[in-house]
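Report on the structure given below.
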Amino acid sequence: MTDMRSIKHRIVTTIQRRVANPLNRRVPVQQLLETTGRVSGEPRVVPIGGRRSGNEFWFVSEFGDRSHYVRNIRANGRVRVRLRGEWYSGTAHLVPDDDPVRRLASLPRGNSAMVRVMGTDLLSIRVDLDE
């Protein structure tokens with residue numbers, strides 16, 4: 001029997017993949033994460049919501065290891081993040097010891113609320129920016 005977390009994951013990711021992400025990628029101020037596909041080697045871009053603090057950028061994945069971009073980070077931590085229309089290179093680190101609910105409280109409210117409602121396996125991620 002399929003559990004409710006799997007059903008929720010399937011519904012949310014389908015909506016994100018087909019509707020929300022394609023639209024959000026076109027918004028000039030939308031924060032984006034670019035990873036390298038672990039199989040294809042091609043750039044993969046997803047909308048995210050987080051906050052920069054000095055040379056760190058923090059965000060929370062809704063689905064942890066189930067997120068393809070998390071799997072891509074595990075394979076290759078080099079990423080780019082678009083902030084206010086400008087791209088920054090850095091190295092992403094999965095931070096399972098960080099409290100993702102507490103982390104969300106320090107991030108932009110709108111995105112954080114959606115991540116809390118839609119997410120099933122929250123995971124904090126830190127990107128150490130190169131600059």
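FYI, nothing fancy with the structure tokens labels: chains A, B, ... in order, residues from 1 per chain, ligands from 1 as they appear.
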Taking the DSSP secondary structure from the backbone, can you list the residues of chain A that are strand (DSSP E or B), as a VMD selection string? chain A and resid 32 to 36 43 to 47 50 to 53 56 to 61 78 to 83 86 to 95 123 to 129
Neighbouring residues of segment 29-44 of chain A were defined as those with any atom within 9 Å, considering only C-alpha atoms; residues of the same chain fewer than 5 positions away were excluded. Please report them as a PyMOL selection string. chain A and resi 24+49-50+68-85+87
Hey, which of A:Pro96, A:Arg116, A:Gly110, A:Gly54 ends up closest to Asp130 of chain A? Count only C-alpha atoms.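 Using only C-alpha atoms, Asp130 of chain A sits closest to A:Gly54.
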Atom CA of Pro100 of chain A and atom CA of Asp121 of chain A, how far apart in Å?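 Here the two named atoms are 9.5 Å from each other.
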Alpha helix (DSSP H) residues, from DSSP on the backbone, in chain A, as an MDAnalysis selection string: chainID A and resid 4:15 21:25 68:75 100:105 109:118
Need to verify the contact set: Thr120 of chain A, 7 Å, only C-alpha atoms, exclusion of same-chain residues closer than 6 positions in sequence. Can you return it as a PyMOL selection string? chain A and resi 5+62-63
Emit the selected residues as an mmCIF file, in the first residue's frame, including N, CA and C atoms.
```cif
data_model
loop_
_atom_site.group_PDB
_atom_site.id
_atom_site.type_symbol
_atom_site.label_atom_id
_atom_site.label_comp_id
_atom_site.auth_asym_id
_atom_site.auth_seq_id
_atom_site.Cartn_x
_atom_site.Cartn_y
_atom_site.Cartn_z
ATOM 1 N N ARG A 5 2.707 9.964 2.462
ATOM 2 C CA ARG A 5 3.874 10.775 2.094
ATOM 3 C C ARG A 5 4.233 10.583 0.634
ATOM 4 N N GLU A 62 12.156 20.405 0.292
ATOM 5 C CA GLU A 62 10.890 19.835 0.768
ATOM 6 C C GLU A 62 10.951 18.322 0.946
ATOM 7 N N PHE A 63 11.683 17.673 0.057
ATOM 8 C CA PHE A 63 11.629 16.210 -0.004
ATOM 9 C C PHE A 63 12.973 15.532 0.231
#
```
Nearest candidate to Asp65 of chain A (options A:Val115, A:Leu104, A:Leu94, A:Val127; using only C-alpha atoms):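 Smallest separation from Asp65 of chain A among the options: A:Leu94.
Across the model, the gap from atom CA of Ser61 of chain A to atom CA of Gly119 of chain A is 7.8 Å.
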Nearest residue to Asp99 of chain A out of A:Val60, A:Ser67, A:Glu86, A:Glu131, using only C-alpha atoms?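 Selected residue with least distance to Asp99 of chain A: A:Val60.
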The distance between atom CA of Met114 of chain A and atom CA of Ile7 of chain A is 17.0 Å
So which one's closest to Asp128 of chain A, A:Ala113, A:Val46, A:Ala92, A:Met4? Using only C-alpha atoms, please.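 Nearest candidate to Asp128 of chain A out of A:Ala113, A:Val46, A:Ala92, A:Met4: A:Ala92.
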